[in-house]
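File shown: start_37.cif (mmCIF, C-alpha atoms).
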```cif
data_coords
loop_
_atom_site.label_atom_id
_atom_site.label_comp_id
_atom_site.auth_asym_id
_atom_site.auth_seq_id
_atom_site.Cartn_x
_atom_site.Cartn_y
_atom_site.Cartn_z
CA MET W 1 122.56 63.63 46.49
CA ASN W 2 121.81 66.05 49.36
CA ARG W 3 124.51 68.44 48.10
CA ILE W 4 122.98 68.49 44.62
CA PHE W 5 119.52 69.08 46.04
CA THR W 6 120.88 71.89 48.21
CA LEU W 7 122.59 73.56 45.23
CA THR W 8 119.42 73.31 43.17
CA LEU W 9 117.34 74.83 45.96
CA LEU W 10 119.85 77.63 46.55
CA LEU W 11 120.05 78.41 42.86
CA VAL W 12 116.27 78.55 42.50
CA MET W 13 116.15 80.92 45.48
CA PHE W 14 119.00 83.00 44.02
CA LEU W 15 117.30 83.30 40.66
CA SER W 16 113.95 84.15 42.22
CA CYS W 17 114.92 86.82 44.74
CA GLY W 18 116.35 90.32 44.69
CA ASN W 19 118.37 92.12 47.34
CA SER W 20 116.80 95.58 47.16
CA SER W 21 113.67 97.41 46.08
CA THR W 22 115.27 97.87 42.66
CA ALA W 23 115.99 94.18 42.45
CA ASP W 24 112.39 93.43 43.44
CA LYS W 25 111.19 95.37 40.41
CA SER W 26 113.76 93.56 38.28
CA LYS W 27 112.97 90.04 39.45
CA THR W 28 113.29 87.10 37.12
CA VAL W 29 110.71 86.63 34.43
CA LEU W 30 110.89 82.85 34.74
CA LYS W 31 108.46 82.48 37.64
CA GLU W 32 106.82 79.40 36.15
CA THR W 33 109.84 77.88 34.45
CA THR W 34 112.83 78.54 36.72
CA GLU W 35 112.52 75.30 38.70
CA GLU W 36 111.99 73.29 35.53
CA LEU W 37 114.97 74.96 33.86
CA ILE W 38 117.28 74.39 36.83
CA SER W 39 116.13 70.80 37.31
CA ASN W 40 117.12 70.01 33.73
CA LEU W 41 120.69 71.25 34.17
CA ASN W 42 123.63 69.07 35.10
CA LYS W 43 126.23 70.12 37.69
CA GLU W 44 128.39 72.06 35.25
CA GLU W 45 125.38 73.79 33.71
CA LYS W 46 124.07 74.81 37.12
CA ARG W 47 127.45 76.32 37.88
CA VAL W 48 127.31 78.26 34.61
CA ALA W 49 123.77 79.50 35.37
CA TYR W 50 124.83 80.62 38.85
CA ARG W 51 127.83 82.56 37.54
CA LEU W 52 125.86 84.15 34.72
CA ASP W 53 123.15 85.22 37.12
CA THR W 54 125.76 86.73 39.43
CA LEU W 55 127.24 88.68 36.51
CA PHE W 56 123.98 90.15 35.22
CA LYS W 57 122.49 90.87 38.63
CA GLN W 58 125.65 92.75 39.59
CA MET W 59 125.49 94.82 36.40
CA ASN W 60 121.81 95.54 37.00
CA GLN W 61 122.37 96.59 40.60
CA MET W 62 125.26 98.83 39.49
CA GLY W 63 122.93 100.51 37.00
CA THR W 64 124.87 99.30 33.95
CA PHE W 65 122.38 96.77 32.59
CA ASN W 66 118.65 96.94 31.95
CA GLY W 67 117.45 94.20 29.65
CA SER W 68 116.96 90.53 28.86
CA VAL W 69 119.44 87.69 28.37
CA LEU W 70 119.36 84.14 27.05
CA VAL W 71 122.25 81.68 26.79
CA ALA W 72 121.85 78.25 25.19
CA ARG W 73 124.09 75.47 23.96
CA ALA W 74 123.24 72.51 21.74
CA GLY W 75 119.52 73.18 21.92
CA LYS W 76 119.40 73.57 25.70
CA VAL W 77 118.67 76.86 27.45
CA LEU W 78 121.26 77.31 30.19
CA TYR W 79 120.20 80.73 31.39
CA GLN W 80 117.35 83.17 30.79
CA ARG W 81 116.77 86.33 32.76
CA SER W 82 115.12 89.76 32.49
CA LEU W 83 116.29 92.56 34.76
CA GLY W 84 114.99 96.09 35.00
CA LEU W 85 112.22 98.23 33.62
CA LEU W 86 110.16 98.05 30.48
CA ASN W 87 108.74 101.52 31.09
CA LYS W 88 110.28 103.95 33.58
CA SER W 89 107.23 106.22 33.78
CA THR W 90 104.93 103.36 34.82
CA ASN W 91 107.58 101.25 36.60
CA ASP W 92 106.49 98.23 34.55
CA VAL W 93 109.17 95.55 34.73
CA LEU W 94 110.62 93.52 31.90
CA THR W 95 109.25 90.03 31.29
CA ASP W 96 110.20 87.21 28.96
CA SER W 97 107.71 88.55 26.42
CA SER W 98 109.03 92.13 26.46
CA MET W 99 109.89 93.20 22.91
CA PHE W 100 113.05 95.16 22.13
CA GLN W 101 113.99 97.04 18.96
CA LEU W 102 116.71 94.81 17.49
CA ALA W 103 118.40 97.67 15.62
CA SER W 104 120.97 96.22 13.21
CA VAL W 105 120.39 92.66 14.39
CA SER W 106 117.39 93.01 12.05
CA LYS W 107 119.88 92.66 9.19
CA VAL W 108 120.24 88.97 10.10
CA ILE W 109 116.55 88.49 9.34
CA THR W 110 116.73 90.48 6.10
CA ALA W 111 119.75 88.55 4.81
CA THR W 112 118.07 85.25 5.67
CA ALA W 113 114.94 86.28 3.78
CA VAL W 114 117.04 87.13 0.70
CA LEU W 115 118.79 83.77 0.92
CA MET W 116 115.44 81.98 1.19
CA LEU W 117 114.40 83.57 -2.10
CA HIS W 118 117.81 82.73 -3.56
CA GLU W 119 117.26 79.06 -2.68
CA ARG W 120 113.96 79.22 -4.55
CA GLU W 121 115.93 80.50 -7.56
CA LEU W 122 114.05 83.80 -7.47
CA ILE W 123 117.07 85.99 -6.68
CA ASP W 124 120.49 85.75 -8.30
CA LEU W 125 122.99 87.13 -5.81
CA ASN W 126 125.49 87.97 -8.54
CA LYS W 127 123.06 90.08 -10.55
CA PRO W 128 123.16 93.88 -10.36
CA PHE W 129 120.42 95.32 -8.17
CA ALA W 130 119.44 97.29 -11.28
CA PHE W 131 118.50 94.00 -12.95
CA TYR W 132 115.50 93.96 -10.60
CA PHE W 133 115.09 97.75 -10.39
CA PRO W 134 116.00 99.13 -13.84
CA ASP W 135 115.78 102.79 -12.75
CA PHE W 136 118.40 102.27 -10.04
CA PRO W 137 121.21 104.68 -10.97
CA TYR W 138 124.10 102.69 -9.52
CA GLN W 139 124.20 100.10 -12.26
CA ASN W 140 127.24 98.14 -11.10
CA VAL W 141 126.11 97.46 -7.54
CA THR W 142 125.21 93.78 -7.15
CA VAL W 143 122.89 92.05 -4.72
CA ASN W 144 125.76 90.32 -2.95
CA GLN W 145 127.53 93.66 -2.51
CA LEU W 146 124.46 94.93 -0.68
CA LEU W 147 124.51 91.83 1.51
CA ASN W 148 128.20 92.09 2.42
CA HIS W 149 128.39 95.91 2.61
CA ARG W 150 130.71 96.37 -0.36
CA SER W 151 128.34 98.50 -2.45
CA GLY W 152 130.03 101.81 -1.59
CA LEU W 153 126.65 103.56 -1.44
CA ALA W 154 126.00 106.59 0.73
CA ASN W 155 124.13 105.95 3.97
CA TYR W 156 120.56 107.26 3.82
CA ILE W 157 120.69 108.02 7.56
CA TYR W 158 123.11 110.83 6.74
CA VAL W 159 122.14 112.00 3.25
CA LEU W 160 118.49 112.29 4.30
CA ASN W 161 119.32 113.95 7.60
CA SER W 162 117.03 116.98 7.16
CA GLU W 163 114.07 114.83 6.09
CA ILE W 164 114.53 112.37 8.94
CA TYR W 165 114.02 114.98 11.63
CA GLN W 166 110.81 116.49 10.29
CA PRO W 167 108.22 116.27 13.08
CA ASN W 168 105.57 113.56 12.78
CA TYR W 169 107.06 112.23 9.54
CA LYS W 170 107.33 108.48 9.01
CA MET W 171 109.64 107.67 6.13
CA ASN W 172 109.20 104.41 4.23
CA ASN W 173 111.51 102.42 1.97
CA ASP W 174 109.87 103.63 -1.23
CA GLU W 175 110.46 107.25 -0.25
CA MET W 176 114.08 106.50 0.56
CA TYR W 177 114.46 104.78 -2.82
CA THR W 178 112.86 107.70 -4.65
CA TYR W 179 115.44 110.02 -3.13
CA TYR W 180 118.28 107.86 -4.45
CA ILE W 181 116.95 107.63 -7.99
CA THR W 182 116.06 111.34 -8.21
CA LYS W 183 118.87 112.97 -6.24
CA ASN W 184 121.52 110.36 -7.02
CA PRO W 185 123.68 111.00 -3.92
CA LYS W 186 127.35 110.43 -4.59
CA PRO W 187 128.59 107.01 -3.47
CA TYR W 188 131.29 106.88 -0.85
CA LEU W 189 133.27 104.33 -2.87
CA LYS W 190 133.23 102.44 -6.14
CA PRO W 191 131.47 99.07 -5.79
CA ASN W 192 133.55 96.27 -4.29
CA THR W 193 136.40 98.59 -3.27
CA ARG W 194 136.24 97.60 0.38
CA PHE W 195 133.87 96.91 3.25
CA ASN W 196 131.80 99.96 4.21
CA TYR W 197 128.93 99.31 6.60
CA CYS W 198 125.82 101.06 5.29
CA ASN W 199 122.16 100.90 6.27
CA THR W 200 121.09 101.77 2.73
CA ASN W 201 122.17 98.32 1.57
CA TYR W 202 119.65 96.52 3.73
CA ALA W 203 116.84 99.01 3.16
CA LEU W 204 117.27 98.26 -0.56
CA LEU W 205 117.26 94.51 0.13
CA ALA W 206 113.90 94.92 1.88
CA LEU W 207 112.55 96.41 -1.35
CA LEU W 208 114.00 93.49 -3.30
CA ILE W 209 112.25 91.02 -0.99
CA GLU W 210 108.98 92.87 -1.57
CA LYS W 211 109.32 92.94 -5.34
CA ILE W 212 110.27 89.29 -5.71
CA SER W 213 107.85 87.86 -3.14
CA LYS W 214 104.99 90.20 -4.04
CA LYS W 215 104.46 90.72 -0.32
CA SER W 216 105.36 93.60 1.95
CA TYR W 217 108.58 93.10 3.88
CA SER W 218 106.59 92.88 7.12
CA GLU W 219 104.26 90.28 5.66
CA PHE W 220 107.08 88.17 4.23
CA VAL W 221 109.09 87.92 7.43
CA ARG W 222 105.91 87.36 9.44
CA GLU W 223 104.52 84.59 7.23
CA GLU W 224 107.78 82.94 6.16
CA LEU W 225 109.84 83.21 9.34
CA PHE W 226 108.15 84.42 12.50
CA LYS W 227 104.95 82.35 12.36
CA PRO W 228 106.51 79.05 11.21
CA LEU W 229 109.20 79.28 13.88
CA GLY W 230 106.78 80.16 16.68
CA MET W 231 108.30 83.62 17.19
CA LYS W 232 105.15 84.93 18.83
CA ASN W 233 106.67 88.14 20.16
CA THR W 234 108.47 89.29 17.02
CA ALA W 235 107.25 91.80 14.43
CA THR W 236 108.35 94.84 12.47
CA ILE W 237 107.53 98.32 13.70
CA LYS W 238 104.69 98.38 11.14
CA ASP W 239 102.96 95.43 12.84
CA ILE W 240 103.09 96.44 16.50
CA ASP W 241 101.54 98.99 18.81
CA LEU W 242 104.49 100.97 20.16
CA ASN W 243 102.40 101.73 23.24
CA GLY W 244 101.55 98.08 23.76
CA LYS W 245 102.12 96.49 27.16
CA ASN W 246 104.89 94.20 25.89
CA VAL W 247 106.84 96.82 23.93
CA THR W 248 109.83 98.33 25.73
CA ARG W 249 110.50 102.07 25.79
CA PRO W 250 114.04 103.30 24.97
CA TYR W 251 116.11 105.46 27.34
CA ASP W 252 119.50 107.10 27.58
CA ASN W 253 121.87 106.30 30.44
CA LYS W 254 120.13 108.89 32.66
CA TRP W 255 116.71 107.33 32.06
CA LYS W 256 115.62 110.13 29.76
CA PRO W 257 113.18 108.78 27.15
CA ILE W 258 114.48 108.74 23.58
CA ASP W 259 112.06 109.67 20.81
CA LEU W 260 111.75 107.92 17.48
CA ASP W 261 112.31 109.74 14.20
CA ALA W 262 111.23 109.26 10.58
CA SER W 263 113.97 106.72 9.81
CA ASP W 264 112.60 104.27 12.38
CA TYR W 265 109.97 103.31 9.83
CA VAL W 266 112.44 102.28 7.12
CA LEU W 267 112.74 98.50 7.24
CA GLY W 268 115.40 95.93 6.42
CA ASP W 269 118.28 97.56 8.23
CA LYS W 270 116.50 97.74 11.63
CA SER W 271 113.05 98.13 13.24
CA ILE W 272 112.24 94.51 13.99
CA TYR W 273 111.14 94.06 17.60
CA SER W 274 111.75 90.74 19.33
CA THR W 275 112.73 88.87 22.49
CA PRO W 276 115.76 86.74 23.38
CA TYR W 277 113.65 83.59 23.36
CA ASP W 278 112.28 84.26 19.88
CA LEU W 279 115.80 84.88 18.57
CA TYR W 280 116.83 81.62 20.22
CA LEU W 281 114.10 79.84 18.23
CA PHE W 282 115.50 81.41 15.07
CA SER W 283 119.05 80.41 16.00
CA GLU W 284 118.07 76.80 16.66
CA ALA W 285 116.19 76.60 13.37
CA MET W 286 119.34 77.79 11.63
CA TYR W 287 121.46 75.19 13.44
CA GLN W 288 118.97 72.53 12.32
CA ASN W 289 118.93 73.82 8.71
CA LYS W 290 115.17 74.35 8.89
CA ILE W 291 115.20 77.82 7.33
CA ILE W 292 117.90 77.60 4.70
CA LYS W 293 120.21 74.74 3.74
CA ALA W 294 123.65 74.28 5.26
CA GLU W 295 125.35 75.17 1.98
CA THR W 296 123.31 78.37 1.78
CA GLN W 297 124.29 79.23 5.33
CA ASP W 298 127.90 78.72 4.28
CA LEU W 299 127.43 81.66 1.91
CA ALA W 300 126.22 83.77 4.83
CA TYR W 301 129.14 82.72 7.04
CA THR W 302 131.85 83.34 4.43
CA ALA W 303 134.15 86.33 4.94
CA TYR W 304 134.01 88.64 1.92
CA SER W 305 136.27 91.45 3.10
CA LYS W 306 139.93 90.94 3.95
CA GLU W 307 140.79 94.45 5.11
CA LYS W 308 140.64 93.55 8.80
CA LYS W 309 142.07 90.53 10.56
CA LEU W 310 139.92 88.32 12.79
CA SER W 311 136.66 90.26 12.30
CA ASN W 312 134.86 90.20 8.96
CA TYR W 313 131.40 90.30 7.35
CA GLY W 314 129.39 87.73 5.43
CA TYR W 315 125.75 88.02 4.38
CA GLY W 316 124.00 89.61 7.36
CA TRP W 317 126.51 88.27 9.87
CA ARG W 318 129.75 89.56 11.25
CA ILE W 319 132.34 86.79 11.41
CA LYS W 320 135.07 86.19 13.94
CA ASP W 321 137.42 83.26 13.35
CA MET W 322 139.78 83.91 16.28
CA ASN W 323 142.47 81.97 14.35
CA ASP W 324 140.62 78.82 15.34
CA SER W 325 138.05 77.26 13.01
CA LEU W 326 136.58 75.37 15.97
CA LYS W 327 135.63 78.67 17.57
CA LYS W 328 134.16 80.37 14.52
CA GLU W 329 131.65 82.90 15.72
CA VAL W 330 128.94 84.59 13.67
CA TYR W 331 127.19 87.51 15.24
CA HIS W 332 125.58 90.88 14.85
CA ASN W 333 125.31 93.77 17.25
CA GLY W 334 122.93 96.68 17.07
CA TRP W 335 122.44 100.13 18.54
CA TRP W 336 119.61 102.51 17.82
CA HIS W 337 117.85 105.22 19.81
CA GLY W 338 118.68 103.81 23.23
CA TYR W 339 118.45 100.17 22.25
CA ARG W 340 121.46 97.85 22.34
CA SER W 341 121.43 94.29 21.02
CA SER W 342 123.85 91.39 20.68
CA PHE W 343 123.10 88.13 18.87
CA HIS W 344 126.10 85.79 18.95
CA ARG W 345 126.37 82.19 17.73
CA ARG W 346 129.38 79.86 17.93
CA LEU W 347 128.93 77.24 15.29
CA ASN W 348 130.97 74.27 16.49
CA ASP W 349 129.18 73.80 19.82
CA LYS W 350 125.90 75.39 18.70
CA LEU W 351 126.17 78.13 21.28
CA THR W 352 123.72 81.05 21.29
CA VAL W 353 124.13 84.21 23.36
CA ILE W 354 121.47 86.93 23.13
CA ILE W 355 121.53 90.18 25.11
CA LEU W 356 118.94 92.92 24.51
CA SER W 357 118.74 96.25 26.32
CA ASN W 358 116.49 99.31 26.17
CA GLN W 359 118.92 101.65 27.91
CA LEU W 360 121.92 103.45 26.45
CA ASN W 361 125.00 101.63 27.72
CA ARG W 362 127.50 99.12 26.37
CA SER W 363 126.77 96.22 28.72
CA ALA W 364 124.82 94.41 26.00
CA TYR W 365 128.08 94.05 24.09
CA GLN W 366 129.98 92.31 26.86
CA THR W 367 129.38 88.86 25.44
CA TYR W 368 133.04 88.04 25.98
CA ARG W 369 132.29 87.83 29.70
CA VAL W 370 129.60 85.26 28.97
CA TYR W 371 132.07 83.26 26.87
CA GLN W 372 134.60 83.37 29.69
CA ILE W 373 132.08 81.85 32.06
CA LEU W 374 131.01 79.21 29.56
CA ASP W 375 134.50 78.21 28.49
CA ASN W 376 135.98 78.21 31.98
CA ALA W 377 133.17 76.19 33.47
CA GLN W 378 135.00 72.88 33.29
CA THR W 379 138.18 74.24 34.87
CA GLY W 380 136.68 76.98 37.01
CA ASP W 381 134.95 76.92 40.36
CA THR W 382 134.26 73.56 41.96
CA LEU W 383 130.75 72.70 43.02
CA GLU W 384 131.77 73.30 46.63
CA GLU W 385 133.09 76.78 45.78
CA VAL W 386 129.82 77.65 44.04
CA GLU W 387 127.87 76.61 47.11
#
```
Kindly present the structure from the file in structure tokens form.
Amino acid sequence: MNRIFTLTLLLVMFLSCGNSSTADKSKTVLKETTEELISNLNKEEKRVAYRLDTLFKQMNQMGTFNGSVLVARAGKVLYQRSLGLLNKSTNDVLTDSSMFQLASVSKVITATAVLMLHERELIDLNKPFAFYFPDFPYQNVTVNQLLNHRSGLANYIYVLNSEIYQPNYKMNNDEMYTYYITKNPKPYLKPNTRFNYCNTNYALLALLIEKISKKSYSEFVREELFKPLGMKNTATIKDIDLNGKNVTRPYDNKWKPIDLDASDYVLGDKSIYSTPYDLYLFSEAMYQNKIIKAETQDLAYTAYSKEKKLSNYGYGWRIKDMNDSLKKEVYHNGWWHGYRSSFHRRLNDKLTVIILSNQLNRSAYQTYRVYQILDNAQTGDTLEEVE
């Protein structure tokens, strides 16, 4: 009993303290909840939390990680931590309510919204997009091909390059759509030829959500997802103050601020801001089939492109089978203007790993190191070795 108490006390101290002035500014955001979190963990879970904290503190102290992390399994948060700066110019530190641009992780939300409307029999996934938008010039592109990136369409990020970098211009989805129906940029591929990741697909899906729901994209995701799930620190770029105290600023790897451009205001493919905890709430609601039914989720987690082994794409989720159905992983990463995001879920043990960063480096993508710690916990360090 004394050994367990000692480990708990040491771990609370470890999670609460830094070793340098930098670490002091990057101290844990769980001031009120650390002791409660640790006290609810069993021996193995405490060992996992200790090893995860060691990993992320080391990366932070080496200057390779600035961001927030959450790891949970079967509805239980095992580890939550924020390390580094929200705003370099003011030295404001990250907290558990600091909001990060999710970049392409936003596609998970967009795909889920489409599938919600599909469940209500308002969207037929097999219909051409032109069925809903008759002036759309690419008549053979279907809704499901937008979802699984098999449309072959040109990426608006590149075809609208000159417009995107006009100073003080904020592009919206309607303007992007107008360009496609008036200029008719040549597709990269014929529909359903092969997987070709393209932001245009999800910007178009945002327009579909708006037309079918008769709400703006921002309003739909706010009223149908964020509010019901208690995602209090999640919103699109249209609904937040970018200078707000909880909104992170993006930086390159030298801490040079990165400016936004016109394309930041196109929704569906990116530009949702959130926190690891809010994404955890979303993940748990998906595990519990509270948002869409299990059979609808199966559509999202089905691999639709066979060109690559192991890694594939469903509806808004990348899919990794690892030749083992018991370790099927659905995930999405994102990168955009200094932001890096990883949202990984392993379905069989209801594992959720979320890493968000507002600095240009690849540490947010090192989820494999988290998996190594989680999966080696039972055969790894003994309790004595951790102490």
Using all atoms listed in the file, which of the listed residues (W:Asn246, W:Gln101, W:Lys107, W:Asn60) sits closest to Asn148 (chain W)?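 Among the listed residues, the smallest separation from Asn148 (chain W) belongs to W:Lys107.
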Residue by residue, what does the PyMOL selection byres ((chain W and resi 70) around 6) grab here? Present the result as a PyMOL selection string. chain W and resi 69+71+79-80+276+354
Test item: the PyMOL selection byres ((chain W and resi 305) around 9) resolved as an NGL selection string: :W and (148 or 150 or 194-195 or 303-304 or 306-308 or 312-314)
If you apply the PyMOL selection byres ((chain W and resi 267) around 9) to this file, what residues do you get, as a tab-separated table (two decimals) with C-alpha atoms, in the coordinates of the input?
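This is the output file expr31.tsv:
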```tsv
chain	number	residue	atom	x	y	z
W	106	SER	CA	117.39	93.01	12.05
W	172	ASN	CA	109.20	104.41	4.23
W	173	ASN	CA	111.51	102.42	1.97
W	202	TYR	CA	119.65	96.52	3.73
W	203	ALA	CA	116.84	99.01	3.16
W	206	ALA	CA	113.90	94.92	1.88
W	207	LEU	CA	112.55	96.41	-1.35
W	217	TYR	CA	108.58	93.10	3.88
W	218	SER	CA	106.59	92.88	7.12
W	236	THR	CA	108.35	94.84	12.47
W	237	ILE	CA	107.53	98.32	13.70
W	238	LYS	CA	104.69	98.38	11.14
W	263	SER	CA	113.97	106.72	9.81
W	264	ASP	CA	112.60	104.27	12.38
W	265	TYR	CA	109.97	103.31	9.83
W	266	VAL	CA	112.44	102.28	7.12
W	268	GLY	CA	115.40	95.93	6.42
W	269	ASP	CA	118.28	97.56	8.23
W	270	LYS	CA	116.50	97.74	11.63
W	271	SER	CA	113.05	98.13	13.24
W	272	ILE	CA	112.24	94.51	13.99
```
Can you tell me which residues surround region 54-59 of chain W at a distance of at most 8 Å, considering all atoms listed in the file, apart from same-chain residues fewer than 4 positions away, and format the answer as a ChimeraX atom specification? /W:50,63-65,83,363
Nearest to Ile109 (chain W) among W:Ala74, W:Ala364, W:Leu229, W:Val221, with distances taken over only C-alpha atoms: which residue is it?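 Ranking W:Ala74, W:Ala364, W:Leu229, W:Val221 by distance to Ile109 (chain W), first place goes to W:Val221.
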To one decimal in Å, tell me the separation between CA of Ile258 (chain W) and CA of Tyr197 (chain W). 24.2 Å
If we count only C-alpha atoms, what is near Arg345 (chain W) at a cut-off of 12 Å, once residues fewer than 5 positions away on the same chain are taken out, given as a short mmCIF file (atom, residue, chain, number, x, y, z; two decimals) with C-alpha atoms, in the coordinates of the input?
```cif
data_model
loop_
_atom_site.label_atom_id
_atom_site.label_comp_id
_atom_site.auth_asym_id
_atom_site.auth_seq_id
_atom_site.Cartn_x
_atom_site.Cartn_y
_atom_site.Cartn_z
CA LEU W 70 119.36 84.14 27.05
CA VAL W 71 122.25 81.68 26.79
CA ALA W 72 121.85 78.25 25.19
CA ARG W 73 124.09 75.47 23.96
CA ALA W 74 123.24 72.51 21.74
CA VAL W 108 120.24 88.97 10.10
CA LEU W 279 115.80 84.88 18.57
CA TYR W 280 116.83 81.62 20.22
CA PHE W 282 115.50 81.41 15.07
CA SER W 283 119.05 80.41 16.00
CA GLU W 284 118.07 76.80 16.66
CA MET W 286 119.34 77.79 11.63
CA TYR W 287 121.46 75.19 13.44
CA TYR W 301 129.14 82.72 7.04
CA TRP W 317 126.51 88.27 9.87
CA ARG W 318 129.75 89.56 11.25
CA ILE W 319 132.34 86.79 11.41
CA LYS W 320 135.07 86.19 13.94
CA ASP W 321 137.42 83.26 13.35
CA LYS W 327 135.63 78.67 17.57
CA LYS W 328 134.16 80.37 14.52
CA GLU W 329 131.65 82.90 15.72
CA VAL W 330 128.94 84.59 13.67
CA TYR W 331 127.19 87.51 15.24
CA HIS W 332 125.58 90.88 14.85
CA ASN W 333 125.31 93.77 17.25
CA LYS W 350 125.90 75.39 18.70
CA LEU W 351 126.17 78.13 21.28
CA THR W 352 123.72 81.05 21.29
CA VAL W 353 124.13 84.21 23.36
CA ILE W 354 121.47 86.93 23.13
CA ILE W 355 121.53 90.18 25.11
CA THR W 367 129.38 88.86 25.44
CA TYR W 371 132.07 83.26 26.87
#
```
Near-region 85-100 of chain W list (6 Å; only C-alpha atoms; drop same-chain fewer than 4 positions) as a list of chain:residue names: W:Val29, W:Asn246, W:Val247, W:Thr248, W:Arg249, W:Tyr273, W:Ser274, W:Thr275
Please, could you write that set of residues out with C-alpha atoms as a compact mmCIF listing (two decimals), in the frame of the given file?
```txt
# COMPACT_ATOMS: atom_id res chain seq x y z
CA VAL W 29 110.71 86.63 34.43
CA ASN W 246 104.89 94.20 25.89
CA VAL W 247 106.84 96.82 23.93
CA THR W 248 109.83 98.33 25.73
CA ARG W 249 110.50 102.07 25.79
CA TYR W 273 111.14 94.06 17.60
CA SER W 274 111.75 90.74 19.33
CA THR W 275 112.73 88.87 22.49
```
Identify the residues within 9 Å of coordinate (133.1, 97.0, -5.2) (same frame as the file), considering all atoms listed in the file, and give the answer as a PyMOL selection string. chain W and resi 140-142+145+150-152+189-195
Closest of W:Leu41, W:Leu122, W:Met171, W:Ile291 to Asp261 (chain W) - atom-to-atom distances counting only C-alpha atoms: W:Met171
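Put simply, CA of Ala130 (chain W) is 24.6 Å away from CA of Ser104 (chain W).
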Point-to-point distance from CA of Ile123 (chain W) to CA of Asn184 (chain W), Å rounded to tenths: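 For CA of Ile123 (chain W) relative to CA of Asn184 (chain W), the distance reads 24.8 Å.
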Just checking: using all atoms listed in the file, which residue out of W:Leu147, W:Ala113, W:Leu78, W:Leu204 ends up closest to Leu52 (chain W)?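 The answer is W:Leu78, which sits nearest to Leu52 (chain W).
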